[in-house]
file data.csv (CSV, C-alpha atoms)
chain,number,residue,atom,x,y,z
T,250,MET,CA,1.3,-16.2,-16.0
T,251,ILE,CA,1.0,-14.4,-12.6
T,252,THR,CA,3.8,-14.5,-10.1
T,253,HIS,CA,3.1,-13.8,-6.4
T,254,ILE,CA,6.2,-12.8,-4.4
T,255,VAL,CA,5.9,-13.3,-0.6
T,256,GLY,CA,8.2,-13.8,2.3
T,257,ASN,CA,6.5,-13.5,5.7
T,258,ARG,CA,3.5,-14.5,7.8
T,259,PRO,CA,1.2,-11.5,6.9
T,260,GLN,CA,2.0,-11.9,3.2
T,261,PHE,CA,0.9,-15.6,3.2
T,262,ILE,CA,-2.4,-14.5,4.8
T,263,LYS,CA,-2.9,-11.8,2.1
T,264,LEU,CA,-1.9,-14.1,-0.7
T,265,ALA,CA,-4.4,-16.9,0.1
T,266,PRO,CA,-7.7,-15.3,-0.9
T,267,LEU,CA,-6.3,-13.7,-4.0
T,268,TYR,CA,-4.6,-16.9,-5.1
T,269,HIS,CA,-7.8,-18.9,-4.7
T,270,GLN,CA,-9.9,-16.2,-6.5
T,271,LEU,CA,-7.5,-16.2,-9.5
T,272,GLU,CA,-7.5,-20.0,-9.5
T,273,ARG,CA,-11.3,-20.0,-9.7
T,274,ALA,CA,-11.1,-17.6,-12.6
T,275,GLY,CA,-8.7,-20.0,-14.4
T,276,TYR,CA,-5.5,-18.0,-14.4
T,277,GLU,CA,-2.1,-19.7,-14.3
T,278,GLN,CA,0.0,-18.7,-11.2
T,279,ASN,CA,3.1,-19.4,-9.3
T,280,ILE,CA,4.6,-18.3,-6.0
T,281,ILE,CA,8.1,-17.2,-5.2
T,282,HIS,CA,9.0,-17.3,-1.5
T,283,SER,CA,12.0,-15.1,-0.5
T,284,GLY,CA,12.5,-17.1,2.7
T,285,GLN,CA,12.4,-13.9,4.8
T,286,HIS,CA,10.5,-16.1,7.3
T,287,TYR,CA,12.2,-19.4,7.2
T,288,ASP,CA,11.2,-21.0,10.5
T,289,GLU,CA,8.7,-23.8,9.8
T,290,ASN,CA,6.2,-22.3,12.4
T,291,MET,CA,6.4,-19.0,10.6
T,292,SER,CA,6.2,-20.3,7.0
T,293,ASP,CA,5.3,-23.8,6.1
T,294,VAL,CA,2.3,-24.1,8.4
T,295,PHE,CA,0.6,-21.1,6.8
T,296,PHE,CA,0.7,-22.6,3.3
T,297,ALA,CA,-0.8,-25.9,4.7
T,298,GLN,CA,-3.5,-24.2,6.8
T,299,LEU,CA,-4.5,-21.7,4.1
T,300,GLY,CA,-4.5,-24.2,1.2
T,301,ILE,CA,-1.8,-22.4,-0.8
T,302,PRO,CA,0.4,-24.6,-3.0
T,303,ALA,CA,4.1,-24.8,-2.2
T,304,PRO,CA,6.2,-22.1,-3.7
T,305,CYS,CA,7.9,-23.0,-7.0
T,306,ILE,CA,11.0,-21.3,-5.8
T,307,ASN,CA,12.4,-20.5,-2.3
T,308,LEU,CA,15.3,-18.0,-2.3
T,309,PHE,CA,16.3,-18.7,1.3
T,310,ALA,CA,17.2,-15.0,1.7
T,311,GLY,CA,16.3,-14.7,5.4
T,312,GLY,CA,18.7,-13.4,8.0
T,313,GLY,CA,21.2,-10.6,8.0
T,314,SER,CA,20.8,-6.9,7.9
T,315,HIS,CA,18.1,-5.1,5.9
T,316,ALA,CA,20.6,-4.4,3.1
T,317,GLN,CA,21.9,-8.0,3.1
T,318,MET,CA,18.4,-9.5,3.0
T,319,THR,CA,17.2,-7.1,0.3
T,320,ALA,CA,20.3,-7.7,-1.8
T,321,LYS,CA,20.0,-11.5,-1.6
T,322,THR,CA,16.3,-11.3,-2.5
T,323,MET,CA,16.9,-9.0,-5.4
T,324,THR,CA,19.6,-11.3,-6.8
T,325,GLY,CA,17.5,-14.4,-6.5
T,326,LEU,CA,14.4,-12.6,-7.9
T,327,GLU,CA,16.1,-11.3,-11.0
T,328,GLU,CA,17.1,-14.8,-12.0
T,329,ALA,CA,13.7,-16.3,-11.1
T,330,LEU,CA,11.6,-13.6,-12.9
T,331,LEU,CA,13.8,-13.9,-16.0
T,332,ALA,CA,13.2,-17.6,-16.1
T,333,LYS,CA,9.4,-17.4,-15.4
T,334,LYS,CA,8.7,-14.4,-17.5
T,335,PRO,CA,5.4,-13.5,-15.7
T,336,ASP,CA,2.8,-11.2,-17.3
T,337,LEU,CA,2.1,-9.7,-13.9
T,338,VAL,CA,3.9,-9.6,-10.6
T,339,ILE,CA,1.8,-9.2,-7.4
T,340,LEU,CA,3.4,-7.9,-4.3
T,341,TYR,CA,2.0,-7.6,-0.7
T,342,GLY,CA,2.5,-5.3,2.2
T,343,ASP,CA,5.8,-3.6,3.1
T,344,THR,CA,8.6,-6.0,3.8
T,345,ASN,CA,12.1,-6.1,2.4
T,346,THR,CA,10.8,-8.9,0.1
T,347,THR,CA,8.2,-6.4,-1.3
T,348,LEU,CA,10.8,-3.7,-1.9
T,349,ALA,CA,13.1,-6.2,-3.6
T,350,GLY,CA,10.3,-7.4,-5.8
T,351,ALA,CA,9.2,-3.9,-6.8
T,352,VAL,CA,12.7,-2.8,-7.8
T,353,VAL,CA,13.6,-6.0,-9.8
T,354,ALA,CA,10.2,-6.3,-11.6
T,355,ALA,CA,10.2,-2.6,-12.5
T,356,LYS,CA,13.7,-2.8,-13.9
T,357,LEU,CA,12.7,-5.8,-16.0
T,358,CYS,CA,9.7,-3.9,-17.3
T,359,MET,CA,7.2,-6.3,-15.8
T,360,PRO,CA,3.8,-5.0,-14.7
T,361,VAL,CA,3.5,-4.8,-10.9
T,362,ALA,CA,0.4,-4.8,-8.7
T,363,HIS,CA,0.7,-3.8,-5.0
T,364,VAL,CA,-1.8,-5.2,-2.5
T,365,GLU,CA,-2.1,-3.1,0.7
T,366,ALA,CA,-0.9,0.0,-1.0
T,367,GLY,CA,-0.9,3.6,0.4
T,368,THR,CA,-0.5,2.8,4.1
T,369,ARG,CA,1.8,5.3,5.8
T,370,VAL,CA,3.1,6.0,9.3
T,371,HIS,CA,4.7,9.3,8.2
T,372,ASP,CA,8.1,8.4,9.7
T,373,LYS,CA,11.0,7.3,7.5
T,374,ALA,CA,12.8,6.1,10.6
T,375,ASN,CA,10.4,3.2,10.4
T,376,PRO,CA,12.1,0.7,7.9
T,377,GLU,CA,8.8,-0.5,6.4
T,378,GLU,CA,7.8,3.1,5.5
T,379,CYS,CA,10.7,3.3,3.0
T,380,ASN,CA,9.6,0.0,1.5
T,381,ARG,CA,6.0,1.2,1.1
T,382,ILE,CA,6.9,4.5,-0.6
T,383,VAL,CA,9.3,2.9,-3.1
T,384,THR,CA,6.9,0.0,-3.9
T,385,ASP,CA,3.9,2.3,-4.4
T,386,HIS,CA,5.9,4.6,-6.8
T,387,LEU,CA,7.2,1.7,-8.9
T,388,SER,CA,3.9,-0.2,-9.1
T,389,ASP,CA,1.5,0.0,-12.1
T,390,ILE,CA,-1.7,-0.6,-10.1
T,391,LEU,CA,-2.4,0.0,-6.4
T,392,PHE,CA,-5.0,-1.7,-4.1
T,393,CYS,CA,-5.8,0.2,-0.9
T,394,PRO,CA,-7.3,-1.3,2.2
T,395,ASP,CA,-9.0,1.9,3.3
T,396,ALA,CA,-9.9,5.5,2.4
T,397,ILE,CA,-6.9,7.0,4.2
T,398,SER,CA,-4.5,4.9,2.2
T,399,LEU,CA,-6.1,6.2,-1.0
T,400,GLU,CA,-5.8,9.8,0.2
T,401,ASN,CA,-2.1,9.2,0.9
T,402,LEU,CA,-1.5,8.0,-2.6
T,403,GLU,CA,-3.5,10.9,-4.1
T,404,ARG,CA,-1.3,13.3,-2.2
T,405,GLU,CA,1.7,11.6,-3.7
T,406,GLY,CA,0.3,11.9,-7.3
T,407,LEU,CA,-0.6,8.2,-7.6
T,408,GLY,CA,-4.4,8.5,-7.3
T,409,GLN,CA,-5.1,7.5,-10.9
T,410,ALA,CA,-3.5,4.1,-10.4
T,411,ALA,CA,-5.1,3.5,-7.0
T,412,TYR,CA,-8.3,1.6,-6.0
T,413,ILE,CA,-10.0,0.9,-2.7
T,414,THR,CA,-10.7,-2.8,-2.3
T,415,GLY,CA,-10.8,-3.2,1.5
T,416,ASP,CA,-8.3,-5.3,3.4
T,417,ILE,CA,-7.6,-8.7,1.9
T,418,MET,CA,-6.5,-10.0,5.4
T,419,TYR,CA,-10.2,-9.6,6.4
T,420,ASP,CA,-11.1,-12.1,3.6
T,421,THR,CA,-8.9,-14.6,5.3
T,422,TYR,CA,-9.8,-13.7,8.8
T,423,LEU,CA,-13.6,-14.2,8.1
T,424,SER,CA,-12.9,-17.6,6.4
T,425,ILE,CA,-10.8,-18.9,9.3
T,426,ALA,CA,-13.0,-17.4,12.1
T,427,GLU,CA,-16.1,-19.1,10.7
T,428,LYS,CA,-14.4,-22.5,10.6
T,429,THR,CA,-12.9,-22.2,14.1
T,430,ALA,CA,-16.1,-21.0,15.7
T,431,ALA,CA,-18.0,-24.1,14.7
T,432,GLY,CA,-18.7,-26.2,17.9
T,433,GLN,CA,-16.4,-24.1,20.0
T,434,GLU,CA,-17.2,-23.9,23.7
T,435,PRO,CA,-17.3,-20.5,25.4
T,436,TRP,CA,-13.9,-19.5,26.9
T,437,GLN,CA,-13.7,-19.7,30.7
T,438,GLU,CA,-10.9,-17.1,30.8
T,439,GLU,CA,-10.2,-14.0,28.7
T,440,ILE,CA,-6.5,-13.4,28.0
T,441,VAL,CA,-4.1,-10.8,26.6
T,442,VAL,CA,-2.6,-12.0,23.3
T,443,MET,CA,0.9,-10.6,22.7
T,444,THR,CA,3.0,-10.5,19.5
T,445,TRP,CA,6.5,-8.9,19.7
T,446,HIS,CA,9.0,-8.8,16.8
T,447,ARG,CA,9.8,-5.3,15.6
T,448,GLN,CA,13.4,-4.2,15.3
T,449,GLU,CA,12.6,-1.1,17.3
T,450,ASN,CA,11.5,-3.2,20.2
T,451,THR,CA,14.3,-5.8,20.1
T,452,ALA,CA,17.4,-3.8,19.3
T,453,ASP,CA,18.6,-3.3,22.9
T,454,ARG,CA,18.4,-4.8,26.3
T,455,GLU,CA,16.8,-1.8,28.0
T,456,ARG,CA,13.9,-1.7,25.6
T,457,MET,CA,13.2,-5.4,26.0
T,458,GLU,CA,13.4,-5.1,29.8
T,459,SER,CA,10.8,-2.2,29.7
T,460,ILE,CA,8.4,-4.4,27.7
T,461,LEU,CA,8.8,-7.3,30.2
T,462,ARG,CA,8.1,-4.9,33.1
T,463,LEU,CA,4.9,-3.8,31.4
T,464,VAL,CA,3.8,-7.5,30.9
T,465,GLU,CA,4.5,-8.1,34.6
T,466,ARG,CA,2.2,-5.3,35.6
T,467,LEU,CA,-0.8,-6.5,33.5
T,468,GLU,CA,-3.5,-8.1,35.5
T,469,SER,CA,-4.5,-10.8,33.0
T,470,LYS,CA,-2.7,-13.8,31.7
T,471,VAL,CA,-0.6,-12.8,28.7
T,472,VAL,CA,-0.1,-15.5,26.0
T,473,CYS,CA,2.8,-14.7,23.6
T,474,PRO,CA,3.6,-16.9,20.6
T,475,LEU,CA,7.3,-15.8,20.5
T,476,HIS,CA,8.9,-14.8,17.2
T,477,PRO,CA,12.2,-16.7,16.7
T,478,ARG,CA,14.2,-13.4,16.4
T,479,THR,CA,12.7,-12.0,19.6
T,480,ARG,CA,13.6,-15.3,21.4
T,481,LYS,CA,17.1,-15.0,20.1
T,482,CYS,CA,17.4,-11.4,21.3
T,483,LEU,CA,16.1,-12.3,24.8
T,484,GLU,CA,18.6,-15.0,25.0
T,485,THR,CA,21.4,-12.7,23.7
T,486,TYR,CA,20.6,-10.2,26.4
T,487,GLY,CA,20.3,-12.8,29.1
T,488,LEU,CA,16.6,-12.0,29.6
T,489,MET,CA,15.0,-15.4,28.7
T,490,GLU,CA,15.0,-16.7,32.3
T,491,ARG,CA,13.6,-13.3,33.4
T,492,ALA,CA,10.8,-13.6,30.9
T,493,ALA,CA,10.0,-17.2,31.8
T,494,ALA,CA,9.8,-16.3,35.5
T,495,ILE,CA,6.9,-13.7,35.1
T,496,PRO,CA,3.9,-15.5,36.6
T,497,ASN,CA,1.3,-14.2,34.2
T,498,PHE,CA,3.4,-14.6,31.1
T,499,GLU,CA,2.9,-17.7,28.9
T,500,ILE,CA,5.5,-18.0,26.2
T,501,THR,CA,4.7,-20.4,23.4
T,502,GLU,CA,6.3,-21.4,20.1
T,503,PRO,CA,5.0,-19.5,17.0
T,504,VAL,CA,1.5,-20.6,15.9
T,505,GLY,CA,-0.3,-21.0,12.6
T,506,TYR,CA,-3.0,-18.6,11.5
T,507,VAL,CA,-5.8,-20.9,12.6
T,508,GLU,CA,-4.4,-21.0,16.1
T,509,MET,CA,-3.8,-17.2,16.1
T,510,VAL,CA,-7.4,-16.4,15.1
T,511,THR,CA,-8.6,-18.7,17.9
T,512,LEU,CA,-6.4,-16.9,20.4
T,513,MET,CA,-7.5,-13.4,19.2
T,514,ASN,CA,-11.1,-14.4,19.4
T,515,ARG,CA,-10.5,-15.3,23.1
T,516,ALA,CA,-8.6,-12.1,23.9
T,517,LYS,CA,-9.8,-9.1,25.9
T,518,LEU,CA,-6.8,-7.2,24.7
T,519,ILE,CA,-4.1,-7.5,22.1
T,520,LEU,CA,-0.6,-6.2,22.9
T,521,THR,CA,1.6,-6.0,19.8
T,522,ASP,CA,4.0,-4.1,17.7
T,523,SER,CA,2.7,-5.6,14.4
T,524,GLY,CA,0.8,-3.4,12.0
T,525,GLY,CA,-1.2,-6.3,10.7
T,526,VAL,CA,-2.1,-7.7,14.1
T,527,SER,CA,-3.1,-4.3,15.4
T,528,LYS,CA,-5.6,-4.0,12.5
T,529,GLU,CA,-6.8,-7.6,12.9
T,530,SER,CA,-7.6,-6.7,16.5
T,531,SER,CA,-10.6,-4.8,15.2
T,532,TYR,CA,-11.9,-7.9,13.4
T,533,ALA,CA,-11.5,-10.0,16.6
T,534,GLY,CA,-13.2,-7.6,18.9
T,535,ALA,CA,-10.2,-7.0,21.2
T,536,LYS,CA,-8.8,-3.5,21.6
T,537,CYS,CA,-5.1,-3.0,21.0
T,538,LEU,CA,-2.1,-1.7,22.9
T,539,PHE,CA,0.5,-0.8,20.3
T,540,MET,CA,4.1,-0.8,21.5
T,541,LEU,CA,5.4,2.0,19.3
T,542,GLU,CA,4.3,5.6,18.9
T,543,LEU,CA,3.3,5.2,15.3
T,544,ASP,CA,-0.1,5.9,13.7
T,545,VAL,CA,-0.3,2.5,12.0
T,546,TRP,CA,-4.0,2.7,11.3
T,547,GLU,CA,-5.1,6.3,11.8
T,548,ASP,CA,-8.9,5.6,12.0
T,549,LEU,CA,-8.4,3.0,14.7
T,550,VAL,CA,-6.0,5.3,16.7
T,551,ARG,CA,-8.5,8.2,16.4
T,552,ASP,CA,-11.4,6.1,17.6
T,553,GLY,CA,-9.4,4.9,20.6
T,554,TRP,CA,-9.4,1.3,19.4
T,555,ILE,CA,-5.6,1.3,19.2
T,556,HIS,CA,-3.7,2.9,22.0
T,557,LYS,CA,-0.1,3.6,21.1
T,558,PHE,CA,2.5,4.0,23.8
T,559,ASN,CA,6.3,4.1,24.6
T,560,PRO,CA,7.3,1.3,26.9
T,561,GLN,CA,10.3,3.3,28.2
T,562,ASP,CA,8.2,6.3,29.3
T,563,GLU,CA,6.6,5.9,32.7
T,564,GLU,CA,3.7,8.2,32.1
T,565,SER,CA,3.0,6.6,28.7
T,566,VAL,CA,3.1,3.1,30.4
T,567,ALA,CA,0.7,4.3,33.2
T,568,GLN,CA,-1.8,5.4,30.5
T,569,ALA,CA,-1.3,2.1,28.7
T,570,LEU,CA,-2.0,0.2,32.0
T,571,ARG,CA,-5.2,2.2,32.5
T,572,PHE,CA,-6.3,1.4,28.9
T,573,ALA,CA,-5.6,-2.3,29.6
T,574,ALA,CA,-7.5,-2.4,32.9
T,575,SER,CA,-10.6,-1.1,31.1
T,576,ALA,CA,-10.4,-3.5,28.2
T,577,GLU,CA,-13.2,-6.0,27.5
T,578,ARG,CA,-14.3,-7.9,24.5
T,579,VAL,CA,-16.4,-5.8,22.0
T,580,PRO,CA,-19.4,-7.4,20.4
T,581,LEU,CA,-19.6,-7.8,16.7
T,582,GLU,CA,-22.0,-5.0,16.1
T,583,LYS,CA,-19.9,-2.4,17.9
T,584,ARG,CA,-16.6,-3.2,16.1
T,585,PRO,CA,-15.1,-0.7,13.7
T,586,ARG,CA,-15.6,-1.3,10.0
T,587,TYR,CA,-13.1,0.6,8.0
T,588,TYR,CA,-11.5,-2.2,6.0
T,589,GLY,CA,-14.1,-3.5,3.6
T,590,ASP,CA,-16.6,-6.3,3.6
T,591,GLY,CA,-14.4,-9.4,3.2
T,592,HIS,CA,-14.5,-9.5,-0.6
T,593,ALA,CA,-11.3,-7.7,-1.4
T,594,ALA,CA,-9.9,-10.6,-3.5
T,595,GLU,CA,-12.9,-10.4,-5.8
T,596,LYS,CA,-12.6,-6.7,-6.2
T,597,ILE,CA,-8.9,-7.0,-7.0
T,598,VAL,CA,-9.4,-9.6,-9.7
T,599,ARG,CA,-12.2,-7.6,-11.3
T,600,THR,CA,-10.1,-4.4,-11.3
T,601,LEU,CA,-7.1,-6.2,-12.8
T,602,GLU,CA,-9.3,-7.6,-15.6
T,603,GLU,CA,-10.9,-4.1,-16.3
T,604,ALA,CA,-7.3,-2.6,-16.4
T,605,LYS,CA,-6.4,-5.4,-18.9
T,606,LEU,CA,-3.5,-6.5,-16.6
T,607,LEU,CA,-4.9,-10.1,-16.7

call {"tool": "encode", "arguments": {"input": "data.csv", "output": "structure tokens"}}
result
Amino acid sequence: MITHIVGNRPQFIKLAPLYHQLERAGYEQNIIHSGQHYDENMSDVFFAQLGIPAPCINLFAGGGSHAQMTAKTMTGLEEALLAKKPDLVILYGDTNTTLAGAVVAAKLCMPVAHVEAGTRVHDKANPEECNRIVTDHLSDILFCPDAISLENLEREGLGQAAYITGDIMYDTYLSIAEKTAAGQEPWQEEIVVMTWHRQENTADRERMESILRLVERLESKVVCPLHPRTRKCLETYGLMERAAAIPNFEITEPVGYVEMVTLMNRAKLILTDSGGVSKESSYAGAKCLFMLELDVWEDLVRDGWIHKFNPQDEESVAQALRFAASAERVPLEKRPRYYGDGHAAEKIVRTLEEAKLL
């Protein structure tokens, strides 16, 4: 029995191709959902669109501080894993759900595989960095999306357990992009697609106001499927009306992955603070403005595909606006290719079998 532990949008996207690959190979599986993303538009719709079965357990651990969420998830996972007794636990990414799963499974002496291992921003003030480090060091086998991630693990003494498979999100992106492209008419208008959810960008009014000012100064229409927590923060700070009044700013409800791929494939630029979305920008052919000064994907930053900036620094904002003004869609043959060939799930299953973890 294989147990997948997931809790948020990017993890559902990573789960889908691996679940389907394991299913084709005949392995018994179940899914535990921490409930970290509990809004229907951030959770249920992804399972439906990606063809993933409903979780066998939902811990409903979302909400609260990092410590509260992690503690609730750990308590629920301990009970669930003791009941299910899986032969392998598979974790994804870098959330509080991932951290909780690593600690609980390791303490129960259950083998752990970590998908998207080795990514680092080299800043422990970033909450997800702590989750990545702990999870990688507690896991038995590590699957890296790129060469830099493998190098990070080798520096930390984990190279013998690490393998490059490519980015499993690329598997899902290619599958969805192929389906959505069929019969699609050319777009009449290129847009900026925006996602906005990180704690660093929602923790105070001044930071949120600076981001709204940047949006206002962009020349193109900005479409933002608004994360529920970001909406709540805007409302708490009395900024929702201000945001809604920006002429070029179209705020929508959160969207499923099919709709998000369609939006990204229409974009001339992606404005985000999401590590996953910033990487997906290279798949979609739209360069990325990243609203934190973190090296999320070092190759893409070095190549000038991702431009990181500080929304509260005027010179940094001016550089970001120049980057945005020059942005245009990049044809398929000129897009970066650091993250594999879209067959990560196959490589992961084959490696697990060779390591006798399946």

call {"tool": "residues_near_point", "arguments": {"input": "data.csv", "point": "(3.4, -7.7, -13.1)", "cutoff": "6 Å", "atoms": "only C-alpha atoms", "output": "PyMOL selection string"}}
result
chain T and resi 336-338+359-361

call {"tool": "closest_atom_pairs", "arguments": {"input": "data.csv", "of": "stretch 421-538 of chain T", "to": "stretch 546-552 of chain T", "cutoff": "9 Å", "atoms": "all atoms listed in the file", "output": "CSV"}}
result
residue,atom,partner,partner_atom,distance
T:Gly524,CA,T:Trp546,CA,7.8
T:Ser527,CA,T:Trp546,CA,8.2
T:Lys528,CA,T:Trp546,CA,7.0
T:Ser531,CA,T:Leu549,CA,8.1

call {"tool": "closest_residue", "arguments": {"input": "data.csv", "among": "T:Gln260, T:Thr521, T:Asn307, T:Ser424", "to": "T:Val364", "atoms": "only C-alpha atoms"}}
result
T:Gln260

call {"tool": "closest_atom_pairs", "arguments": {"input": "data.csv", "of": "stretch 292-405 of chain T", "to": "stretch 570-590 of chain T", "cutoff": "9 Å", "atoms": "only C-alpha atoms", "output": "Markdown table"}}
result
| residue | atom | partner | partner_atom | distance |
| --- | --- | --- | --- | --- |
| T:Pro394 | CA | T:Tyr588 | CA | 5.7 |
| T:Asp395 | CA | T:Tyr588 | CA | 5.5 |
| T:Ala396 | CA | T:Tyr587 | CA | 8.1 |

call {"tool": "atom_distance", "arguments": {"input": "data.csv", "atom1": "atom CA of T:Asp343", "atom2": "atom CA of T:Glu499"}}
result
29.5 Å

call {"tool": "residues_around", "arguments": {"input": "data.csv", "residues": "T:Met509", "least_positions_apart": "5", "cutoff": "10 Å", "atoms": "only C-alpha atoms", "output": "ChimeraX atom specification"}}
result
/T:425,442,474,503-504,514-515,526

call {"tool": "residues_around", "arguments": {"input": "data.csv", "residues": "T:Ile390", "least_positions_apart": "6", "cutoff": "9 Å", "atoms": "only C-alpha atoms", "output": "ChimeraX atom specification"}}
result
/T:360-364,409-412,601,604,606

call {"tool": "closest_residue", "arguments": {"input": "data.csv", "among": "T:His253, T:Leu518, T:Met323, T:Asn345", "to": "T:Gln285", "atoms": "all atoms listed in the file"}}
result
T:Asn345

call {"tool": "residues_around", "arguments": {"input": "data.csv", "residues": "T:His269", "least_positions_apart": "3", "cutoff": "9 Å", "atoms": "only C-alpha atoms", "output": "list of chain:residue names"}}
result
T:Leu264, T:Ala265, T:Pro266, T:Glu272, T:Arg273, T:Ala274, T:Gly300, T:Ile301, T:Ala594

call {"tool": "atom_distance", "arguments": {"input": "data.csv", "atom1": "atom CA of T:Arg478", "atom2": "atom CA of T:Ala452"}}
result
10.5 Å

call {"tool": "closest_residue", "arguments": {"input": "data.csv", "among": "T:Leu543, T:Val507, T:Leu463, T:Ile500", "to": "T:Thr479", "atoms": "all atoms listed in the file"}}
result
T:Ile500

call {"tool": "atom_distance", "arguments": {"input": "data.csv", "atom1": "atom CA of T:Ile339", "atom2": "atom CA of T:Thr252"}}
result
6.3 Å

call {"tool": "residues_around", "arguments": {"input": "data.csv", "residues": "T:Thr368", "least_positions_apart": "4", "cutoff": "12 Å", "atoms": "only C-alpha atoms", "output": "compact mmCIF listing (two decimals) with C-alpha atoms, keeping the file's coordinate frame"}}
result
# COMPACT_ATOMS: atom_id res chain seq x y z
CA TYR T 341 2.00 -7.60 -0.70
CA GLY T 342 2.50 -5.30 2.20
CA ASP T 343 5.80 -3.60 3.10
CA HIS T 363 0.70 -3.80 -5.00
CA VAL T 364 -1.80 -5.20 -2.50
CA ASP T 372 8.10 8.40 9.70
CA GLU T 377 8.80 -0.50 6.40
CA GLU T 378 7.80 3.10 5.50
CA CYS T 379 10.70 3.30 3.00
CA ASN T 380 9.60 0.00 1.50
CA ARG T 381 6.00 1.20 1.10
CA ILE T 382 6.90 4.50 -0.60
CA THR T 384 6.90 0.00 -3.90
CA ASP T 385 3.90 2.30 -4.40
CA LEU T 391 -2.40 0.00 -6.40
CA PHE T 392 -5.00 -1.70 -4.10
CA CYS T 393 -5.80 0.20 -0.90
CA PRO T 394 -7.30 -1.30 2.20
CA ASP T 395 -9.00 1.90 3.30
CA ALA T 396 -9.90 5.50 2.40
CA ILE T 397 -6.90 7.00 4.20
CA SER T 398 -4.50 4.90 2.20
CA LEU T 399 -6.10 6.20 -1.00
CA GLU T 400 -5.80 9.80 0.20
CA ASN T 401 -2.10 9.20 0.90
CA LEU T 402 -1.50 8.00 -2.60
CA GLU T 403 -3.50 10.90 -4.10
CA GLU T 405 1.70 11.60 -3.70
CA ILE T 413 -10.00 0.90 -2.70
CA ASP T 416 -8.30 -5.30 3.40
CA GLY T 524 0.80 -3.40 12.00
CA GLY T 525 -1.20 -6.30 10.70
CA LYS T 528 -5.60 -4.00 12.50
CA ASP T 544 -0.10 5.90 13.70
CA VAL T 545 -0.30 2.50 12.00
CA TRP T 546 -4.00 2.70 11.30
CA GLU T 547 -5.10 6.30 11.80
CA ASP T 548 -8.90 5.60 12.00

call {"tool": "closest_residue", "arguments": {"input": "data.csv", "among": "T:Ile495, T:Glu484, T:Gly534, T:Glu542", "to": "T:Ala374", "atoms": "only C-alpha atoms"}}
result
T:Glu542

call {"tool": "decode", "arguments": {"input": "data.csv", "residues": "stretch 324-328 of chain T", "atoms": "all heavy atoms", "output": "PDB file, in the first residue's frame"}}
result
ATOM      1  N   THR T 324      -0.975  15.368  14.266  1.00  0.00           N
ATOM      2  CA  THR T 324      -1.852  14.564  15.120  1.00  0.00           C
ATOM      3  C   THR T 324      -2.768  13.684  14.274  1.00  0.00           C
ATOM      4  O   THR T 324      -2.921  12.489  14.527  1.00  0.00           O
ATOM      5  CB  THR T 324      -2.697  15.478  16.027  1.00  0.00           C
ATOM      6  OG1 THR T 324      -1.823  16.286  16.819  1.00  0.00           O
ATOM      7  CG2 THR T 324      -3.599  14.669  16.933  1.00  0.00           C
ATOM      8  N   GLY T 325      -3.354  14.287  13.241  1.00  0.00           N
ATOM      9  CA  GLY T 325      -4.235  13.517  12.363  1.00  0.00           C
ATOM     10  C   GLY T 325      -3.499  12.462  11.566  1.00  0.00           C
ATOM     11  O   GLY T 325      -3.988  11.337  11.377  1.00  0.00           O
ATOM     12  N   LEU T 326      -2.309  12.808  11.091  1.00  0.00           N
ATOM     13  CA  LEU T 326      -1.537  11.856  10.278  1.00  0.00           C
ATOM     14  C   LEU T 326      -1.070  10.658  11.093  1.00  0.00           C
ATOM     15  O   LEU T 326      -1.046   9.528  10.582  1.00  0.00           O
ATOM     16  CB  LEU T 326      -0.319  12.549   9.661  1.00  0.00           C
ATOM     17  CG  LEU T 326      -0.561  13.414   8.430  1.00  0.00           C
ATOM     18  CD1 LEU T 326       0.734  14.077   7.987  1.00  0.00           C
ATOM     19  CD2 LEU T 326      -1.162  12.594   7.278  1.00  0.00           C
ATOM     20  N   GLU T 327      -0.691  10.877  12.327  1.00  0.00           N
ATOM     21  CA  GLU T 327      -0.244   9.751  13.151  1.00  0.00           C
ATOM     22  C   GLU T 327      -1.348   8.705  13.260  1.00  0.00           C
ATOM     23  O   GLU T 327      -1.123   7.504  13.057  1.00  0.00           O
ATOM     24  CB  GLU T 327       0.168  10.234  14.535  1.00  0.00           C
ATOM     25  CG  GLU T 327       0.717   9.111  15.405  1.00  0.00           C
ATOM     26  CD  GLU T 327       1.165   9.622  16.754  1.00  0.00           C
ATOM     27  OE1 GLU T 327       0.335  10.216  17.474  1.00  0.00           O
ATOM     28  OE2 GLU T 327       2.344   9.412  17.101  1.00  0.00           O
ATOM     29  N   GLU T 328      -2.555   9.165  13.554  1.00  0.00           N
ATOM     30  CA  GLU T 328      -3.685   8.239  13.661  1.00  0.00           C
ATOM     31  C   GLU T 328      -3.969   7.561  12.323  1.00  0.00           C
ATOM     32  O   GLU T 328      -4.189   6.340  12.255  1.00  0.00           O
ATOM     33  CB  GLU T 328      -4.923   8.999  14.143  1.00  0.00           C
ATOM     34  CG  GLU T 328      -6.147   8.132  14.328  1.00  0.00           C
ATOM     35  CD  GLU T 328      -7.341   8.919  14.829  1.00  0.00           C
ATOM     36  OE1 GLU T 328      -7.168  10.085  15.244  1.00  0.00           O
ATOM     37  OE2 GLU T 328      -8.464   8.364  14.807  1.00  0.00           O
TER      38      GLU T 328
END
